[in-house]
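File shown: start-v3.cif (mmCIF, C-alpha atoms).
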data_input
loop_
_atom_site.label_atom_id
_atom_site.label_comp_id
_atom_site.auth_asym_id
_atom_site.auth_seq_id
_atom_site.Cartn_x
_atom_site.Cartn_y
_atom_site.Cartn_z
CA MET A 61 0.00 0.00 0.00
CA GLU A 62 2.94 2.28 0.66
CA THR A 63 4.03 1.19 -2.80
CA LEU A 64 0.75 2.45 -4.28
CA HIS A 65 1.26 5.82 -2.57
CA ALA A 66 4.84 5.99 -3.88
CA ARG A 67 3.83 5.09 -7.44
CA TYR A 68 1.14 7.80 -7.32
CA ALA A 69 3.69 10.42 -6.24
CA HIS A 70 6.31 9.47 -8.82
CA ALA A 71 3.76 9.32 -11.67
CA LEU A 72 2.77 12.95 -11.05
CA ASP A 73 6.32 14.16 -10.35
CA ASP A 74 7.70 12.48 -13.49
CA ASP A 75 4.91 14.08 -15.53
CA ARG A 76 3.48 10.65 -16.38
CA LEU A 77 -0.07 11.96 -15.98
CA GLU A 78 -1.45 9.11 -18.13
CA ASP A 79 -0.41 6.65 -15.40
CA TRP A 80 -2.41 8.51 -12.78
CA PRO A 81 -5.93 7.14 -13.58
CA GLU A 82 -4.53 3.60 -13.76
CA LEU A 83 -3.87 3.70 -10.01
CA PHE A 84 -7.63 3.86 -9.40
CA THR A 85 -10.31 1.22 -9.80
CA GLU A 86 -12.63 1.59 -12.80
CA SER A 87 -15.25 3.35 -10.66
CA GLY A 88 -12.65 5.07 -8.51
CA LYS A 89 -13.40 8.50 -7.05
CA TYR A 90 -11.02 11.41 -6.73
CA ARG A 91 -11.68 14.84 -5.33
CA ILE A 92 -9.82 17.82 -3.96
CA ALA A 93 -11.38 19.75 -1.08
CA THR A 94 -10.28 22.23 1.54
CA ALA A 95 -10.09 21.51 5.26
CA GLU A 96 -12.36 24.48 5.86
CA ASN A 97 -15.09 23.15 3.57
CA GLU A 98 -14.79 19.63 4.94
CA ALA A 99 -15.15 20.93 8.52
CA ARG A 100 -18.29 22.88 7.59
CA GLY A 101 -19.76 19.94 5.71
CA LEU A 102 -19.95 21.96 2.52
CA PRO A 103 -20.29 19.49 -0.31
CA LEU A 104 -18.59 21.40 -3.11
CA PRO A 105 -15.11 20.14 -3.78
CA VAL A 106 -12.52 22.08 -5.73
CA LEU A 107 -12.13 19.30 -8.23
CA SER A 108 -13.98 16.01 -8.58
CA CYS A 109 -13.77 12.88 -10.73
CA ASP A 110 -16.29 10.06 -10.32
CA SER A 111 -14.62 7.42 -12.46
CA ARG A 112 -11.37 6.47 -14.10
CA ALA A 113 -12.85 7.59 -17.44
CA MET A 114 -13.30 11.11 -16.06
CA MET A 115 -9.71 11.11 -14.88
CA ARG A 116 -8.50 10.10 -18.35
CA ASP A 117 -10.54 12.95 -19.85
CA ARG A 118 -8.98 15.28 -17.35
CA VAL A 119 -5.49 14.23 -18.33
CA GLN A 120 -6.36 14.65 -22.03
CA SER A 121 -7.57 18.19 -21.37
CA LEU A 122 -4.41 19.04 -19.48
CA ARG A 123 -2.26 17.67 -22.29
CA HIS A 124 -4.09 19.71 -24.93
CA ALA A 125 -4.41 22.89 -22.91
CA ASN A 126 -0.74 23.79 -22.85
CA VAL A 127 -1.50 27.22 -21.53
CA TYR A 128 0.50 26.96 -18.36
CA GLU A 129 4.09 27.76 -17.72
CA PRO A 130 6.03 24.49 -17.60
CA GLN A 131 6.66 23.39 -14.06
CA ARG A 132 7.51 20.41 -11.93
CA TYR A 133 6.05 19.06 -8.75
CA ARG A 134 7.55 17.06 -5.92
CA HIS A 135 5.20 15.16 -3.62
CA MET A 136 6.33 14.27 -0.12
CA LEU A 137 4.32 11.81 1.98
CA SER A 138 4.39 11.15 5.70
CA SER A 139 2.56 9.68 8.69
CA VAL A 140 0.49 7.00 6.99
CA LEU A 141 -2.11 5.59 9.41
CA ILE A 142 -4.00 2.48 8.31
CA SER A 143 -7.34 1.10 9.46
CA HIS A 144 -8.59 -2.16 8.06
CA LEU A 145 -12.12 -2.07 6.78
CA ASP A 146 -12.45 -5.72 5.86
CA GLY A 147 -10.31 -8.41 4.27
CA GLU A 148 -10.47 -6.72 0.87
CA ARG A 149 -10.05 -3.06 1.74
CA VAL A 150 -8.02 -0.73 3.90
CA SER A 151 -8.59 2.92 4.58
CA SER A 152 -5.72 5.20 5.39
CA VAL A 153 -4.83 8.76 6.11
CA ALA A 154 -1.49 10.31 5.16
CA SER A 155 0.02 13.78 5.26
CA PHE A 156 1.35 15.30 2.07
CA LEU A 157 3.39 18.26 0.97
CA VAL A 158 3.70 19.37 -2.64
CA ILE A 159 6.62 21.49 -3.78
CA ARG A 160 6.35 23.36 -7.07
CA ILE A 161 9.39 24.14 -9.19
CA MET A 162 8.90 26.80 -11.85
CA GLN A 163 10.89 26.81 -15.06
CA ASN A 164 13.10 29.64 -13.85
CA GLY A 165 14.09 27.45 -10.91
CA ASP A 166 11.95 29.10 -8.24
CA THR A 167 10.95 26.47 -5.69
CA ALA A 168 8.22 26.86 -3.08
CA VAL A 169 5.67 25.01 -1.00
CA PHE A 170 2.62 24.71 -3.24
CA ALA A 171 0.15 22.71 -1.14
CA SER A 172 -0.10 20.71 2.06
CA GLY A 173 -2.81 18.57 3.55
CA LYS A 174 -3.88 14.99 3.97
CA TYR A 175 -5.00 12.15 1.76
CA LEU A 176 -8.04 10.17 2.89
CA ASP A 177 -7.90 6.90 1.00
CA ARG A 178 -9.96 3.76 0.54
CA ILE A 179 -7.89 1.09 -1.16
CA LEU A 180 -8.99 -2.15 -2.78
CA LEU A 181 -6.22 -4.69 -2.15
CA SER A 182 -6.77 -7.33 -4.81
CA PRO A 183 -5.79 -8.29 -7.50
CA GLU A 184 -3.37 -5.41 -6.95
CA PRO A 185 -3.83 -2.40 -4.67
CA LYS A 186 -5.77 0.45 -6.28
CA TYR A 187 -7.59 3.49 -4.97
CA GLU A 188 -11.35 3.15 -4.71
CA GLU A 189 -11.36 6.69 -3.39
CA ARG A 190 -8.77 9.37 -2.75
CA VAL A 191 -9.92 12.61 -1.12
CA VAL A 192 -7.29 15.34 -1.05
CA VAL A 193 -8.00 17.69 1.86
CA CYS A 194 -5.87 20.81 1.46
CA ASP A 195 -4.86 22.84 4.51
CA SER A 196 -5.04 26.15 2.70
CA ARG A 197 -8.21 27.74 1.43
CA ARG A 198 -6.32 29.46 -1.32
CA PHE A 199 -5.74 27.90 -4.69
CA ASP A 200 -4.36 29.26 -7.84
CA THR A 201 -5.56 28.20 -11.24
CA LEU A 202 -2.81 25.63 -11.60
CA LEU A 203 -4.75 23.34 -9.32
CA ALA A 204 -6.11 21.84 -12.54
CA ILE A 205 -3.21 19.40 -12.14
CA PRO A 206 -3.91 16.50 -9.74
CA LEU A 207 -2.44 16.68 -6.27
CA MET B 213 6.42 2.94 16.80
CA GLU B 214 6.02 4.58 13.41
CA THR B 215 2.32 4.50 14.27
CA LEU B 216 2.99 6.48 17.46
CA HIS B 217 4.90 9.10 15.45
CA ALA B 218 2.07 9.29 12.92
CA ARG B 219 -0.62 9.62 15.60
CA TYR B 220 1.39 12.43 17.19
CA ALA B 221 1.60 14.32 13.89
CA HIS B 222 -2.07 13.93 13.02
CA ALA B 223 -3.22 14.93 16.52
CA LEU B 224 -1.44 18.27 16.21
CA ASP B 225 -2.35 18.85 12.56
CA ASP B 226 -6.04 18.06 13.19
CA ASP B 227 -6.00 20.50 16.11
CA ARG B 228 -6.75 17.67 18.55
CA LEU B 229 -4.38 19.15 21.12
CA GLU B 230 -6.10 17.25 23.93
CA ASP B 231 -4.87 13.99 22.43
CA TRP B 232 -1.26 15.16 22.52
CA PRO B 233 -0.49 14.49 26.25
CA GLU B 234 -2.10 11.05 25.97
CA LEU B 235 0.73 9.91 23.71
CA PHE B 236 3.16 10.27 26.63
CA THR B 237 3.58 8.19 29.76
CA GLU B 238 2.30 9.70 33.02
CA SER B 239 5.78 10.98 33.88
CA GLY B 240 6.67 11.69 30.25
CA LYS B 241 9.01 14.56 29.43
CA TYR B 242 8.73 16.98 26.53
CA ARG B 243 10.97 19.84 25.64
CA ILE B 244 11.85 22.05 22.71
CA ALA B 245 15.45 23.16 22.30
CA THR B 246 17.66 24.58 19.58
CA ALA B 247 20.53 22.75 17.91
CA GLU B 248 22.80 25.61 18.89
CA ASN B 249 21.94 25.34 22.58
CA GLU B 250 22.20 21.56 22.57
CA ALA B 251 25.67 21.72 20.96
CA ARG B 252 26.86 24.19 23.58
CA GLY B 253 25.38 22.16 26.42
CA LEU B 254 23.23 25.08 27.50
CA PRO B 255 20.50 23.67 29.69
CA LEU B 256 17.72 26.15 29.01
CA PRO B 257 15.14 24.77 26.63
CA VAL B 258 12.65 26.92 24.79
CA LEU B 259 9.74 25.01 26.25
CA SER B 260 9.66 22.20 28.78
CA CYS B 261 7.06 19.87 30.34
CA ASP B 262 8.04 17.34 33.00
CA SER B 263 4.85 15.31 33.15
CA ARG B 264 1.64 14.58 31.33
CA ALA B 265 -0.18 16.81 33.82
CA MET B 266 1.97 19.77 32.76
CA MET B 267 1.17 19.04 29.15
CA ARG B 268 -2.55 19.02 29.88
CA ASP B 269 -2.18 22.38 31.63
CA ARG B 270 -0.34 23.67 28.60
CA VAL B 271 -3.16 22.61 26.29
CA GLN B 272 -5.74 24.22 28.59
CA SER B 273 -3.80 27.49 28.48
CA LEU B 274 -3.61 27.39 24.71
CA ARG B 275 -7.34 26.74 24.45
CA HIS B 276 -8.18 29.67 26.70
CA ALA B 277 -5.65 32.10 25.32
CA ASN B 278 -7.20 32.52 21.90
CA VAL B 279 -5.00 35.44 21.15
CA TYR B 280 -3.37 34.02 18.08
CA GLU B 281 -4.46 34.21 14.52
CA PRO B 282 -6.05 30.87 13.56
CA GLN B 283 -3.63 28.67 11.69
CA ARG B 284 -2.92 25.10 10.71
CA TYR B 285 0.19 23.01 10.88
CA ARG B 286 1.38 20.10 8.81
CA HIS B 287 4.07 17.85 10.27
CA MET B 288 6.27 15.81 7.95
CA LEU B 289 8.49 13.05 9.32
CA SER B 290 11.43 11.28 7.77
CA SER B 291 14.54 9.16 8.35
CA VAL B 292 13.56 7.37 11.55
CA LEU B 293 16.57 5.56 13.05
CA ILE B 294 15.92 3.16 15.93
CA SER B 295 18.25 1.87 18.61
CA HIS B 296 17.02 -0.66 21.11
CA LEU B 297 17.71 0.22 24.70
CA ASP B 298 16.33 -2.94 26.27
CA GLY B 299 13.35 -5.23 25.82
CA GLU B 300 10.93 -2.57 27.06
CA ARG B 301 12.23 0.58 25.42
CA VAL B 302 13.52 1.89 22.14
CA SER B 303 15.18 5.19 21.45
CA SER B 304 14.92 6.80 18.06
CA VAL B 305 15.85 9.87 16.10
CA ALA B 306 13.72 11.26 13.27
CA SER B 307 13.82 14.36 11.09
CA PHE B 308 10.81 16.64 11.01
CA LEU B 309 9.50 19.55 9.03
CA VAL B 310 6.55 21.68 10.10
CA ILE B 311 4.61 23.74 7.58
CA ARG B 312 2.39 26.55 8.84
CA ILE B 313 -0.72 27.61 6.99
CA MET B 314 -2.14 31.00 7.97
CA GLN B 315 -5.82 31.81 7.69
CA ASN B 316 -5.28 33.88 4.55
CA GLY B 317 -3.78 30.78 2.94
CA ASP B 318 -0.11 31.74 3.18
CA THR B 319 1.95 28.58 3.52
CA ALA B 320 5.59 28.42 4.59
CA VAL B 321 8.18 26.29 6.30
CA PHE B 322 7.76 27.01 10.01
CA ALA B 323 10.32 24.76 11.67
CA SER B 324 12.70 21.90 10.94
CA GLY B 325 14.83 19.70 13.13
CA LYS B 326 14.95 16.31 14.74
CA TYR B 327 13.02 14.41 17.38
CA LEU B 328 15.06 12.53 19.97
CA ASP B 329 12.68 9.99 21.48
CA ARG B 330 12.63 7.38 24.22
CA ILE B 331 9.61 5.16 23.83
CA LEU B 332 8.09 2.71 26.30
CA LEU B 333 6.69 -0.19 24.25
CA SER B 334 4.15 -1.81 26.55
CA PRO B 335 1.20 -2.01 27.14
CA GLU B 336 1.09 0.31 24.12
CA PRO B 337 3.90 2.50 22.75
CA LYS B 338 4.11 5.89 24.47
CA TYR B 339 6.77 8.56 24.70
CA GLU B 340 8.80 8.57 27.90
CA GLU B 341 10.67 11.51 26.47
CA ARG B 342 10.52 13.57 23.32
CA VAL B 343 13.16 16.26 22.78
CA VAL B 344 12.49 18.53 19.82
CA VAL B 345 15.80 19.94 18.56
CA CYS B 346 15.09 22.80 16.15
CA ASP B 347 17.58 23.67 13.41
CA SER B 348 16.88 27.37 13.60
CA ARG B 349 17.76 29.60 16.52
CA ARG B 350 14.91 31.91 15.72
CA PHE B 351 11.44 31.40 17.11
CA ASP B 352 8.39 33.49 16.98
CA THR B 353 5.89 33.67 19.79
CA LEU B 354 3.66 31.05 18.24
CA LEU B 355 6.03 28.39 19.45
CA ALA B 356 3.66 28.08 22.41
CA ILE B 357 2.03 25.36 20.32
CA PRO B 358 3.75 21.93 20.53
CA LEU B 359 5.98 20.92 17.66
CA MET C 140 17.94 -0.15 3.05
CA GLU C 141 15.67 2.51 4.50
CA THR C 142 18.21 2.55 7.32
CA LEU C 143 20.99 3.38 4.84
CA HIS C 144 18.93 6.27 3.46
CA ALA C 145 18.25 7.52 7.00
CA ARG C 146 21.92 7.30 8.02
CA TYR C 147 22.86 9.26 4.89
CA ALA C 148 20.40 12.04 5.73
CA HIS C 149 21.40 12.32 9.38
CA ALA C 150 25.15 12.32 8.56
CA LEU C 151 24.71 15.39 6.34
CA ASP C 152 22.23 17.13 8.63
CA ASP C 153 24.41 16.60 11.71
CA ASP C 154 27.41 18.00 9.79
CA ARG C 155 29.21 14.65 10.03
CA LEU C 156 30.49 15.00 6.47
CA GLU C 157 33.31 12.54 7.16
CA ASP C 158 30.71 9.78 7.57
CA TRP C 159 29.26 10.47 4.14
CA PRO C 160 31.85 8.61 1.96
CA GLU C 161 31.66 5.61 4.31
CA LEU C 162 28.10 4.93 3.16
CA PHE C 163 29.44 4.12 -0.32
CA THR C 164 31.40 1.13 -1.58
CA GLU C 165 35.10 1.69 -2.30
CA SER C 166 34.38 2.28 -6.00
CA GLY C 167 31.05 3.96 -5.32
CA LYS C 168 29.80 6.67 -7.64
CA TYR C 169 28.05 9.88 -6.69
CA ARG C 170 26.81 12.64 -8.92
CA ILE C 171 24.38 15.53 -8.91
CA ALA C 172 22.49 16.33 -12.09
CA THR C 173 19.41 18.28 -13.11
CA ALA C 174 16.19 16.76 -14.40
CA GLU C 175 16.50 18.91 -17.50
CA ASN C 176 19.97 17.62 -18.34
CA GLU C 177 19.01 14.02 -17.64
CA ALA C 178 15.97 14.31 -19.94
CA ARG C 179 18.12 15.70 -22.75
CA GLY C 180 20.79 13.06 -22.24
CA LEU C 181 23.41 15.70 -21.57
CA PRO C 182 26.28 13.96 -19.85
CA LEU C 183 27.64 16.80 -17.76
CA PRO C 184 26.60 16.51 -14.15
CA VAL C 185 26.77 19.39 -11.72
CA LEU C 186 29.04 17.45 -9.39
CA SER C 187 30.62 14.03 -9.77
CA CYS C 188 32.70 11.63 -7.67
CA ASP C 189 33.90 8.32 -9.10
CA SER C 190 35.18 6.70 -5.92
CA ARG C 191 35.09 6.91 -2.16
CA ALA C 192 38.58 8.44 -2.26
CA MET C 193 37.25 11.34 -4.34
CA MET C 194 34.44 11.84 -1.85
CA ARG C 195 36.93 11.98 1.02
CA ASP C 196 38.94 14.59 -0.90
CA ARG C 197 35.76 16.54 -1.43
CA VAL C 198 34.99 16.54 2.28
CA GLN C 199 38.55 17.63 3.09
CA SER C 200 38.23 20.56 0.67
CA LEU C 201 34.94 21.60 2.22
CA ARG C 202 36.43 21.44 5.71
CA HIS C 203 39.40 23.62 4.72
CA ALA C 204 37.49 26.05 2.56
CA ASN C 205 35.47 27.68 5.32
CA VAL C 206 34.36 30.42 3.02
CA TYR C 207 30.67 29.83 3.36
CA GLU C 208 28.26 31.23 5.82
CA PRO C 209 27.53 28.58 8.44
CA GLN C 210 24.28 26.81 7.73
CA ARG C 211 22.33 23.67 8.44
CA TYR C 212 20.46 21.32 6.19
CA ARG C 213 17.50 19.08 6.79
CA HIS C 214 16.89 16.22 4.37
CA MET C 215 13.41 14.77 4.02
CA LEU C 216 12.85 11.51 2.16
CA SER C 217 9.68 10.00 0.74
CA SER C 218 8.17 7.49 -1.69
CA VAL C 219 10.94 4.91 -1.84
CA LEU C 220 10.31 2.42 -4.66
CA ILE C 221 12.53 -0.68 -4.79
CA SER C 222 13.34 -2.97 -7.69
CA HIS C 223 15.53 -6.01 -7.11
CA LEU C 224 18.40 -6.35 -9.53
CA ASP C 225 19.71 -9.65 -8.29
CA GLY C 226 20.32 -11.37 -4.97
CA GLU C 227 23.13 -8.99 -4.08
CA ARG C 228 21.80 -5.64 -5.23
CA VAL C 229 18.67 -3.52 -5.20
CA SER C 230 17.99 -0.36 -7.12
CA SER C 231 15.61 2.24 -5.78
CA VAL C 232 14.18 5.64 -6.44
CA ALA C 233 13.16 8.06 -3.70
CA SER C 234 11.97 11.64 -3.54
CA PHE C 235 13.88 14.14 -1.45
CA LEU C 236 13.50 17.64 -0.16
CA VAL C 237 16.34 19.63 1.39
CA ILE C 238 15.66 22.55 3.69
CA ARG C 239 18.44 25.06 4.36
CA ILE C 240 18.65 26.97 7.61
CA MET C 241 20.93 30.02 7.56
CA GLN C 242 22.69 31.24 10.67
CA ASN C 243 20.26 34.11 11.10
CA GLY C 244 17.47 31.54 11.29
CA ASP C 245 16.07 31.98 7.79
CA THR C 246 14.62 28.67 6.62
CA ALA C 247 13.69 27.81 3.05
CA VAL C 248 13.35 24.99 0.57
CA PHE C 249 16.83 24.58 -0.91
CA ALA C 250 16.46 21.66 -3.29
CA SER C 251 14.04 18.94 -4.33
CA GLY C 252 14.36 15.96 -6.62
CA LYS C 253 14.89 12.24 -6.62
CA TYR C 254 17.66 9.84 -5.68
CA LEU C 255 18.40 7.03 -8.14
CA ASP C 256 20.30 4.42 -6.14
CA ARG C 257 22.05 1.12 -6.69
CA ILE C 258 22.76 -0.55 -3.38
CA LEU C 259 25.05 -3.47 -2.59
CA LEU C 260 23.39 -5.42 0.23
CA SER C 261 26.21 -7.39 1.78
CA PRO C 262 28.14 -7.45 4.10
CA GLU C 263 26.18 -4.32 5.00
CA PRO C 264 24.11 -2.11 2.67
CA LYS C 265 26.19 0.53 0.89
CA TYR C 266 25.65 2.72 -2.16
CA GLU C 267 27.33 1.51 -5.34
CA GLU C 268 25.84 4.54 -7.01
CA ARG C 269 23.71 7.48 -5.98
CA VAL C 270 22.54 9.90 -8.66
CA VAL C 271 20.87 13.04 -7.32
CA VAL C 272 18.48 14.41 -9.93
CA CYS C 273 17.43 17.92 -8.95
CA ASP C 274 14.08 19.33 -10.07
CA SER C 275 15.37 22.85 -10.44
CA ARG C 276 17.89 23.97 -13.03
CA ARG C 277 19.15 26.68 -10.77
CA PHE C 278 21.92 26.13 -8.27
CA ASP C 279 23.78 28.47 -6.11
CA THR C 280 27.42 28.05 -5.23
CA LEU C 281 26.62 26.25 -2.01
CA LEU C 282 25.90 23.13 -3.97
CA ALA C 283 29.50 22.20 -3.19
CA ILE C 284 27.97 20.44 -0.19
CA PRO C 285 26.56 16.96 -0.93
CA LEU C 286 22.82 16.64 -1.30
#
Using structure tokens, write down the structure that the file contains.
Amino acid sequence: METLHARYAHALDDDRLEDWPELFTESGKYRIATAENEARGLPLPVLSCDSRAMMRDRVQSLRHANVYEPQRYRHMLSSVLISHLDGERVSSVASFLVIRIMQNGDTAVFASGKYLDRILLSPEPKYEERVVVCDSRRFDTLLAIPL
Amino acid sequence: METLHARYAHALDDDRLEDWPELFTESGKYRIATAENEARGLPLPVLSCDSRAMMRDRVQSLRHANVYEPQRYRHMLSSVLISHLDGERVSSVASFLVIRIMQNGDTAVFASGKYLDRILLSPEPKYEERVVVCDSRRFDTLLAIPL
Amino acid sequence: METLHARYAHALDDDRLEDWPELFTESGKYRIATAENEARGLPLPVLSCDSRAMMRDRVQSLRHANVYEPQRYRHMLSSVLISHLDGERVSSVASFLVIRIMQNGDTAVFASGKYLDRILLSPEPKYEERVVVCDSRRFDTLLAIPL
């Protein structure tokens, strides 16, 4: 399961966006929300995909948009806590930090927060759901790229 | 033991300060120091608690103070090295990084350093001592909150 | 193997530079490159050592130079992915983040990237090769210190 988290991070950081949906089950869910909204029970996430097909569309759009300044990301993960749901699934929480590196070399903390995951273990571990809860309420437009 | 470290980080980052003393033994010690002071053998730590009761008092004070701007923290942990003391205890060192997120969304590195821990393993792992050695000599007043 | 990574990080962060070459095999290789150069297949790395002896020379030079402002580093590691080469060796990739703390207390992200490692397992794990691929193309002169 730590391997799944690591593959997720390296896929995004190596700009292999096409590999990103493949880490989810076919009906896998992905959404980005803010801690503030989650605490208030507000339903509207910043970004939401309800299936792997939607994620693939998302990646296609990003590939064809090409409007952004080229940049790199570096995901750091920490403090994974696991709770077993049943024999087939685990849920986990993990802290993340995303560093953004602009083309001119500027490097800064881009986002921090926690991943709330539900993982199907077999035949190989995949995300049934990944909710990205960001600590900051502020997002810039570049959030179009998965965290 | 990695689970204890992870529970510690999430308790602080989720603003569950009341859970923080419960991760220590009854006579558990907690102090924050700077690398500079530690290297010089200067005894005065930035912050020090000599028992779980003192930690609970500390949390009560923080809850009633309410003078600070609301903020979030995100603890990242890395490079845990363990040395066994005896059958009942382990000591470990780990690197940490704390990100602070202000209410306006500003996000920055707040503190870095290492944890020097002595952990009692049974009946469940708890800190007998956690020394937080900060890399930077500079602290702002917000350090009242545990690292 | 995670222990080797952790010892590497703590040696640099504790300013025990002399311990750094000892984590490599006698003919161990170490180089720092940029993601941009690696992607283009440009051979010229930012810094390169072809043996443990060269690393020891490097450390000696750094110790006698003393021209830099005193500073600390904090290495954070994440997302280790392992592939077994054969019974004696593993190769791995891991993300890193290096924080730099200046003497006045200023703390900032200094470098991010990934380690590409080849590790000899026996008699004790040591690096046969560590390639440090930095995300940013920009380096300041302080890069003389190992990452």
Check: Within 12 Å of Ser334 of chain B, counting all atoms listed in the file, which residues qualify if same-chain residues fewer than 3 places away don't, as a list in words?
Finding: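 Residues near the query, excluding close chain neighbours: Met213, Thr237, Gly299, Glu300, Arg301, Val302, Ile331, Pro337, Lys338, Tyr339 and Glu340 of chain B.
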Notebook entry, point to check: Selected by the PyMOL selection byres ((chain C) within 6 of (chain B)) in the shown coordinates: which residues, as a list in words?
Noted result: Ala145, Met215, Leu216 and Gly244 of chain C
Next item on the list: Extract, using only C-alpha atoms, all DNA, RNA and protein residues at most 10 Å from segment 77-84 of chain A, discarding same-chain residues fewer than 6 positions from it, and format them as a PyMOL selection string.
Entry: chain A and resi 64-65+67-71+90+111-120+122-123+179-180+184-190+205-206
Checklist line | Selection near Thr173 of chain C, 6 Å with only C-alpha atoms, sequence-local residues under 3 positions removed, as a PyMOL selection string | finding: chain C and resi 176+272-273+276
Next item on the list: Could you tell me how far atom CA of Asp110 of chain A lies from atom CA of Ser87 of chain A, in Å and to one decimal?
Entry: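 A separation of 6.8 Å between them.
When atom CA of Asp177 of chain A is paired with atom CA of Leu359 of chain B, their separation reads 25.8 Å.
Residue nearest Asp74 of chain A within the list C:Met241, C:Ala178, C:Cys188, C:Leu260: C:Ala178 [criterion: smallest interatomic distance, only C-alpha atoms].
The space between atom CA of Val191 of chain A and atom CA of Glu86 of chain A spans 16.3 Å.
When all atoms listed in the file are used to compute distances to Ser260 of chain B, the closest of the residues B:Lys241, B:Arg312, B:His296, B:Arg330 turns out to be B:Lys241.
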